[in-house]
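Undergrad: Handing you this structure, nothing more for now.
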Amino acid sequence: MTYEEFIELFKSRAQSELSYDPALIEFYKEGYSSEDPKVLEWIIDTNKRFCGKDSIWLLKDFLVLKEDAGNGVFVAQRVAIHDVYMDAEKDGFDSAFEGVRKAHEEITRAKAGDVISKRVSGSYEAIREQLIVRPLNYGLHIDELGGNVYRKVGDFVLALYQLIGDSAVSVISSKISRDELASWGMSNRADEVIDEALANTSRLFPACVYDGRGGATNEEMTANFLEGEFERKDITADGRTILLSTFRTTNGAASLFYPGVAEKMMRIMGGAFWAVFMNINDVMIFERGDKLAEKCARMAKTGGGLGEMLSGRVYLCSEKGINPV
């Protein structure tokens with residue numbers, strides 16, 4: 001099957017099996033750009049999320065499947081279609097199509113559970129348990145953050161999102177605007193809302209430490225951070241560094257801000273420590289003053305981590321909070 005035939009089959013299956021409206025399925029070729037500010041923002045965001053690079057030209061071919069979620073809200077799946085084509089060559093079409101199917105199922109469940117209607121209900125109580133935070137680099141996302149709710153921490157932010165759907169292959173979420181916060185009567189209580197969203201995120205995506213010792217089995221690779229009782233030597237190869245994230249790894253950089261996590265890490269580290277956010281998914285923990293932290297921060301700034309860049313700085317975690325050094 002040629003690449004062009006695969007794209008047409010993919011679109012056909014999305015229509016016949018998942019009831020996607022063909023008018024809401026769009027193909028964008030690598031190299032595509034636009035003078036429309038909204039489209040340009042989408043291109044830049046897509047490149048950052050899927051390619052880890054900042055560019056005004058699309059860096060891969062993308063198939064976009066839009067779905068009407070109700071109440072004037074549209075949810076879009078972005079599919080790096082050539083990557084999926086290569087996966088299909090290896091594992092078969094059904095396997096490659098599974099990610100889109102699962103994401104569609106999450107959107108369908110969200111619609112059935114009135115997830116979208118709760119957002120536009122004007123009631124904070126209706127949506128409060130659906131709010132989460134996701135970490136974003138401030139400089140890379142400054143244009144799109146203007147009207148949204150976030151907490152700035154050094155050179156990155158903890159942005160407020162609504163969790164629309166969550167499956168094994170994707171987390172579907174949407175940023176919360178300041179206008180929406182105002183409609184809930186919470187304009188002057190943004191910090192409180194973000195704190196509650198952090199507690200939700202902690203419950204939905206629990207923090208964990210990854211076992212750096214050699215020969216660890218899959219079961220031993222993660223330990224629930226707040227419930228686990230261990231010392232540095234129990235989870236690191238040399239007792240020097242700790243990798244903190246979530247079980248899903250998705251947006252794991254936010255885990256250091258979860259309720260109780262920084263305090264427990266200080267107990268494990270014997271006091272204040274340095275943290276390096278290698279990307280949006282991982283946090284490396286070091287003893288205060290460890291030169292390796294500075295080296296890792298330089299790597300993170302140049303895209304050395306496996307994920308979207310978050311920060312290029314070392315942060316001090318102490319009783320005074322988490323702040324850049």
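Each chain of the structure tokens is named A, B, ... in the order shown, its residues numbered from 1; ligands are numbered from 1 in display order.
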Quick one: residues within 8 Å of Cys317 (chain A), only C-alpha atoms counted, chain neighbours fewer than 6 positions away excluded, as a list in words?
TA: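 Counting only C-alpha atoms, the residues come to Ala262, Met266, Ala272, Phe273, Trp274, Ala275 and Asn323 of chain A.
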Undergrad: Could you write out, as a short mmCIF file (atom, residue, chain, number, x, y, z; two decimals) with N, CA and C atoms, in the first residue's frame, all the residues of region 41-287 of chain A that DSSP marks as strand (DSSP E or B)?
TA:
```cif
data_model
loop_
_atom_site.label_atom_id
_atom_site.label_comp_id
_atom_site.auth_asym_id
_atom_site.auth_seq_id
_atom_site.Cartn_x
_atom_site.Cartn_y
_atom_site.Cartn_z
N PHE A 62 0.55 15.87 8.85
CA PHE A 62 -0.45 15.65 9.90
C PHE A 62 -1.84 15.50 9.31
N LEU A 63 -2.56 14.54 9.86
CA LEU A 63 -3.98 14.40 9.58
C LEU A 63 -4.71 14.88 10.84
N VAL A 64 -5.64 15.81 10.67
CA VAL A 64 -6.36 16.38 11.80
C VAL A 64 -7.82 15.95 11.72
N LEU A 65 -8.30 15.31 12.77
CA LEU A 65 -9.68 14.84 12.83
C LEU A 65 -10.41 15.65 13.90
N LYS A 66 -11.34 16.48 13.47
CA LYS A 66 -12.09 17.32 14.39
C LYS A 66 -13.43 16.68 14.72
N GLU A 67 -13.87 16.92 15.95
CA GLU A 67 -15.14 16.36 16.39
C GLU A 67 -15.89 17.40 17.21
N ASP A 68 -17.18 17.52 16.91
CA ASP A 68 -18.04 18.45 17.64
C ASP A 68 -18.37 17.84 18.99
N ALA A 69 -17.83 18.44 20.06
CA ALA A 69 -18.06 17.93 21.41
C ALA A 69 -19.28 18.55 22.05
N GLY A 70 -19.97 19.43 21.33
CA GLY A 70 -21.17 20.06 21.86
C GLY A 70 -20.89 21.42 22.48
N VAL A 73 -17.95 23.61 21.29
CA VAL A 73 -16.57 23.19 21.52
C VAL A 73 -16.20 22.07 20.55
N PHE A 74 -15.06 22.22 19.87
CA PHE A 74 -14.56 21.18 18.98
C PHE A 74 -13.28 20.60 19.55
N VAL A 75 -13.16 19.28 19.48
CA VAL A 75 -11.96 18.58 19.93
C VAL A 75 -11.27 18.00 18.71
N ALA A 76 -9.95 18.21 18.59
CA ALA A 76 -9.23 17.76 17.42
C ALA A 76 -8.12 16.78 17.79
N GLN A 77 -8.04 15.69 17.04
CA GLN A 77 -6.91 14.76 17.16
C GLN A 77 -5.90 15.12 16.08
N ARG A 78 -4.64 15.25 16.49
CA ARG A 78 -3.56 15.48 15.53
C ARG A 78 -2.81 14.17 15.36
N VAL A 79 -2.76 13.67 14.14
CA VAL A 79 -2.12 12.38 13.86
C VAL A 79 -0.91 12.60 12.96
N LEU A 131 -10.43 19.61 36.58
CA LEU A 131 -9.32 20.52 36.32
C LEU A 131 -7.99 19.87 36.71
N ILE A 132 -6.99 20.03 35.83
CA ILE A 132 -5.65 19.51 36.08
C ILE A 132 -4.64 20.59 35.69
N VAL A 133 -3.37 20.37 35.99
CA VAL A 133 -2.32 21.27 35.52
C VAL A 133 -1.38 20.52 34.59
N ARG A 134 -0.82 21.26 33.64
CA ARG A 134 0.19 20.71 32.73
C ARG A 134 1.33 21.73 32.64
N PRO A 135 2.58 21.28 32.67
CA PRO A 135 3.71 22.20 32.62
C PRO A 135 4.05 22.59 31.18
N LEU A 136 4.36 23.88 30.97
CA LEU A 136 4.73 24.38 29.65
C LEU A 136 5.86 25.39 29.81
N ASN A 137 6.80 25.39 28.87
CA ASN A 137 7.83 26.42 28.86
C ASN A 137 7.18 27.76 28.53
N ASN A 148 -4.99 32.77 29.05
CA ASN A 148 -5.24 31.55 29.82
C ASN A 148 -4.77 31.66 31.27
N TYR A 150 -2.66 30.41 34.46
CA TYR A 150 -1.43 29.66 34.75
C TYR A 150 -0.71 30.27 35.95
N ARG A 151 0.23 29.52 36.49
CA ARG A 151 1.13 29.99 37.55
C ARG A 151 2.54 29.94 37.03
N LYS A 152 3.23 31.05 37.04
CA LYS A 152 4.60 31.11 36.51
C LYS A 152 5.60 30.68 37.58
N VAL A 153 6.51 29.80 37.18
CA VAL A 153 7.58 29.32 38.07
C VAL A 153 8.89 29.44 37.30
N PHE A 156 9.10 28.60 33.36
CA PHE A 156 7.99 27.78 32.86
C PHE A 156 6.73 28.09 33.66
N VAL A 157 5.61 27.49 33.24
CA VAL A 157 4.34 27.72 33.91
C VAL A 157 3.66 26.39 34.21
N LEU A 158 2.80 26.41 35.20
CA LEU A 158 1.85 25.34 35.45
C LEU A 158 0.51 25.85 34.94
N ALA A 159 0.08 25.35 33.78
CA ALA A 159 -1.12 25.86 33.12
C ALA A 159 -2.35 25.05 33.53
N LEU A 160 -3.48 25.74 33.64
CA LEU A 160 -4.73 25.12 34.05
C LEU A 160 -5.46 24.55 32.84
N TYR A 161 -5.86 23.28 32.94
CA TYR A 161 -6.55 22.59 31.85
C TYR A 161 -7.79 21.87 32.38
N GLN A 162 -8.71 21.59 31.48
CA GLN A 162 -9.78 20.65 31.76
C GLN A 162 -9.38 19.31 31.16
N LEU A 163 -9.48 18.24 31.95
CA LEU A 163 -9.24 16.89 31.44
C LEU A 163 -10.51 16.42 30.74
N ILE A 164 -10.42 16.23 29.43
CA ILE A 164 -11.58 15.82 28.64
C ILE A 164 -11.62 14.31 28.52
N GLY A 165 -10.46 13.68 28.32
CA GLY A 165 -10.41 12.23 28.21
C GLY A 165 -9.03 11.71 28.49
N ASP A 166 -8.94 10.47 28.94
CA ASP A 166 -7.66 9.86 29.27
C ASP A 166 -7.71 8.39 28.90
N VAL A 171 -3.76 11.67 26.47
CA VAL A 171 -4.47 12.49 27.44
C VAL A 171 -5.06 13.65 26.67
N ILE A 172 -6.39 13.77 26.67
CA ILE A 172 -7.07 14.82 25.92
C ILE A 172 -7.47 15.91 26.90
N SER A 173 -6.98 17.12 26.68
CA SER A 173 -7.26 18.21 27.60
C SER A 173 -7.34 19.52 26.84
N SER A 174 -7.84 20.54 27.52
CA SER A 174 -8.02 21.85 26.90
C SER A 174 -7.74 22.95 27.91
N LYS A 175 -6.97 23.98 27.49
CA LYS A 175 -6.63 25.08 28.40
C LYS A 175 -7.88 25.82 28.88
N SER A 177 -9.44 29.41 30.02
CA SER A 177 -9.20 30.84 29.81
C SER A 177 -9.59 31.65 31.05
N ALA A 207 2.39 10.65 41.49
CA ALA A 207 3.84 10.80 41.39
C ALA A 207 4.51 9.48 41.71
N CYS A 208 5.65 9.23 41.08
CA CYS A 208 6.42 8.02 41.38
C CYS A 208 7.90 8.31 41.15
N VAL A 209 8.74 7.48 41.74
CA VAL A 209 10.17 7.53 41.46
C VAL A 209 10.53 6.32 40.63
N TYR A 210 11.50 6.49 39.75
CA TYR A 210 11.93 5.40 38.89
C TYR A 210 13.21 4.79 39.44
N THR A 222 8.81 1.27 39.29
CA THR A 222 8.13 2.42 39.84
C THR A 222 7.64 2.13 41.24
N ALA A 223 7.58 3.18 42.04
CA ALA A 223 7.03 3.08 43.39
C ALA A 223 6.20 4.32 43.66
N ASN A 224 4.99 4.14 44.18
CA ASN A 224 4.15 5.28 44.52
C ASN A 224 4.89 6.16 45.50
N ILE A 242 17.84 11.12 41.60
CA ILE A 242 16.53 10.47 41.63
C ILE A 242 15.72 11.01 40.45
N LEU A 243 15.04 10.13 39.73
CA LEU A 243 14.16 10.54 38.65
C LEU A 243 12.72 10.51 39.16
N LEU A 244 12.08 11.66 39.17
CA LEU A 244 10.71 11.81 39.64
C LEU A 244 9.81 12.08 38.44
N SER A 245 8.68 11.38 38.38
CA SER A 245 7.74 11.58 37.29
C SER A 245 6.37 11.09 37.76
N THR A 246 5.59 10.54 36.82
CA THR A 246 4.32 9.91 37.14
C THR A 246 4.33 8.51 36.54
N PHE A 273 17.21 20.73 48.20
CA PHE A 273 17.88 20.03 47.09
C PHE A 273 17.71 20.81 45.80
N TRP A 274 18.45 20.39 44.78
CA TRP A 274 18.33 20.98 43.45
C TRP A 274 17.47 20.07 42.57
N ALA A 275 16.71 20.70 41.69
CA ALA A 275 15.87 19.96 40.74
C ALA A 275 16.12 20.49 39.34
N VAL A 276 16.17 19.59 38.37
CA VAL A 276 16.30 19.95 36.96
C VAL A 276 15.14 19.30 36.20
N PHE A 277 14.35 20.13 35.54
CA PHE A 277 13.22 19.63 34.76
C PHE A 277 13.74 19.29 33.36
N MET A 278 14.05 18.00 33.15
CA MET A 278 14.67 17.57 31.90
C MET A 278 13.76 17.80 30.70
N ASN A 279 12.46 17.77 30.91
CA ASN A 279 11.45 18.06 29.90
C ASN A 279 10.11 18.14 30.63
N ASP A 282 9.71 14.78 33.09
CA ASP A 282 10.63 14.23 34.08
C ASP A 282 11.32 15.32 34.90
N VAL A 283 11.59 14.99 36.16
CA VAL A 283 12.36 15.86 37.04
C VAL A 283 13.53 15.06 37.61
N MET A 284 14.74 15.57 37.47
CA MET A 284 15.90 14.94 38.08
C MET A 284 16.21 15.66 39.39
N ILE A 285 16.43 14.89 40.47
CA ILE A 285 16.68 15.43 41.79
C ILE A 285 18.15 15.23 42.16
N PHE A 286 18.81 16.31 42.64
CA PHE A 286 20.23 16.27 42.98
C PHE A 286 20.44 16.88 44.36
N GLU A 287 21.55 16.52 44.98
CA GLU A 287 21.94 17.23 46.18
C GLU A 287 22.27 18.68 45.82
#
```
Undergrad: With only C-alpha atoms as the atoms that count, which of A:Glu319, A:Glu180, A:Glu26, A:Asp143 lies nearest to Ala14 (chain A)?
TA: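 Using only C-alpha atoms, Ala14 (chain A) sits closest to A:Glu26.
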Undergrad: Check which residues of region 132-182 of chain A sit at most 12 Å from region 29-43 of chain A using only C-alpha atoms, and return one row each with the closest pair of atoms and their distance in Å to one decimal, ordered by chain and rising number, as JSON lines.
TA:
```
{"residue": "A:Leu140", "atom": "CA", "partner": "A:Glu41", "partner_atom": "CA", "distance": 10.8}
{"residue": "A:His141", "atom": "CA", "partner": "A:Glu41", "partner_atom": "CA", "distance": 9.2}
{"residue": "A:Ile142", "atom": "CA", "partner": "A:Glu41", "partner_atom": "CA", "distance": 10.6}
{"residue": "A:Asp143", "atom": "CA", "partner": "A:Glu41", "partner_atom": "CA", "distance": 7.8}
{"residue": "A:Glu144", "atom": "CA", "partner": "A:Glu41", "partner_atom": "CA", "distance": 7.3}
{"residue": "A:Leu145", "atom": "CA", "partner": "A:Glu41", "partner_atom": "CA", "distance": 11.0}
```
Undergrad: Just write the chosen residues, N, CA and C atoms, as an mmCIF file, in the first residue's frame.
TA:
```
data_model
loop_
_atom_site.group_PDB
_atom_site.id
_atom_site.type_symbol
_atom_site.label_atom_id
_atom_site.label_comp_id
_atom_site.auth_asym_id
_atom_site.auth_seq_id
_atom_site.Cartn_x
_atom_site.Cartn_y
_atom_site.Cartn_z
ATOM 1 N N LEU A 140 8.312 29.438 24.994
ATOM 2 C CA LEU A 140 7.810 28.739 23.809
ATOM 3 C C LEU A 140 6.309 28.930 23.625
ATOM 4 N N HIS A 141 5.592 29.149 24.722
ATOM 5 C CA HIS A 141 4.128 29.194 24.650
ATOM 6 C C HIS A 141 3.544 30.557 25.021
ATOM 7 N N ILE A 142 4.371 31.578 25.083
ATOM 8 C CA ILE A 142 3.914 32.887 25.568
ATOM 9 C C ILE A 142 2.749 33.437 24.751
ATOM 10 N N ASP A 143 2.759 33.233 23.440
ATOM 11 C CA ASP A 143 1.706 33.796 22.596
ATOM 12 C C ASP A 143 0.340 33.198 22.911
ATOM 13 N N GLU A 144 0.298 31.918 23.206
ATOM 14 C CA GLU A 144 -0.989 31.252 23.431
ATOM 15 C C GLU A 144 -1.443 31.322 24.883
ATOM 16 N N LEU A 145 -0.559 31.758 25.779
ATOM 17 C CA LEU A 145 -0.887 31.791 27.198
ATOM 18 C C LEU A 145 -1.544 33.103 27.623
#
```
Undergrad: If you run DSSP over the backbone, which residues in region 39-223 of chain A end up alpha helix (DSSP H)? Put them as a ChimeraX atom specification.
TA: /A:39-51,81-91,93-112,115-119,124-127,138-145,178-183,190-204
Undergrad: Report, in Å with one decimal, the straight-line distance from CA of Gly270 (chain A) to CA of Asp290 (chain A).
TA: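 CA of Asp290 (chain A) lies 14.3 Å from CA of Gly270 (chain A).
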Undergrad: If I take CA of Tyr315 (chain A) and CA of Ala297 (chain A), how far is one from the other in Å, to one decimal?
TA: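 Spanning CA of Tyr315 (chain A) to CA of Ala297 (chain A) is a straight-line distance of 9.5 Å.
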Undergrad: Can I get the residues of region 10-58 of chain A within 12 Å of region 101-106 of chain A, each with the closest pair of atoms and their distance in Å to one decimal, using only C-alpha atoms, sorted chain first then ascending number, as JSON lines?
TA:
```
{"residue": "A:Phe10", "atom": "CA", "partner": "A:Arg101", "partner_atom": "CA", "distance": 11.2}
{"residue": "A:Arg13", "atom": "CA", "partner": "A:Arg101", "partner_atom": "CA", "distance": 10.0}
{"residue": "A:Ala14", "atom": "CA", "partner": "A:Arg101", "partner_atom": "CA", "distance": 8.3}
{"residue": "A:Gln15", "atom": "CA", "partner": "A:Arg101", "partner_atom": "CA", "distance": 11.4}
{"residue": "A:Ser16", "atom": "CA", "partner": "A:Arg101", "partner_atom": "CA", "distance": 11.9}
{"residue": "A:Glu17", "atom": "CA", "partner": "A:Arg101", "partner_atom": "CA", "distance": 8.8}
{"residue": "A:Leu18", "atom": "CA", "partner": "A:Arg101", "partner_atom": "CA", "distance": 7.3}
{"residue": "A:Ser19", "atom": "CA", "partner": "A:His104", "partner_atom": "CA", "distance": 9.8}
{"residue": "A:Tyr20", "atom": "CA", "partner": "A:His104", "partner_atom": "CA", "distance": 9.4}
```
Undergrad: Could you write out the selected residues, including C-alpha atoms, as a tab-separated table (two decimals), in the first residue's frame?
TA:
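Written file, result17.tsv:
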```
chain	number	residue	atom	x	y	z
A	10	PHE	CA	-7.23	6.01	7.23
A	13	ARG	CA	-12.02	4.12	8.33
A	14	ALA	CA	-12.31	7.23	10.52
A	15	GLN	CA	-15.57	8.07	8.71
A	16	SER	CA	-17.09	4.58	8.54
A	17	GLU	CA	-16.02	3.20	11.93
A	18	LEU	CA	-15.85	6.33	14.10
A	19	SER	CA	-18.43	8.52	12.31
A	20	TYR	CA	-16.05	11.41	11.70
```
Undergrad: Of the residues A:Ser183, A:Gln130, A:Ser123, A:Thr302, which is the one nearest to Leu198 (chain A), using only C-alpha atoms?
TA: A:Gln130
Undergrad: Which of these, A:Pro324, A:Pro22, A:Gly289, A:Pro259, has the shortest distance to Glu196 (chain A) once you count only C-alpha atoms?
TA: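 The closest residue to Glu196 (chain A) is A:Pro259.
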Undergrad: Suppose you want the space between CA of Arg267 (chain A) and CA of Arg298 (chain A); what is it in Å?
TA: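 So the answer is 27.1 Å.
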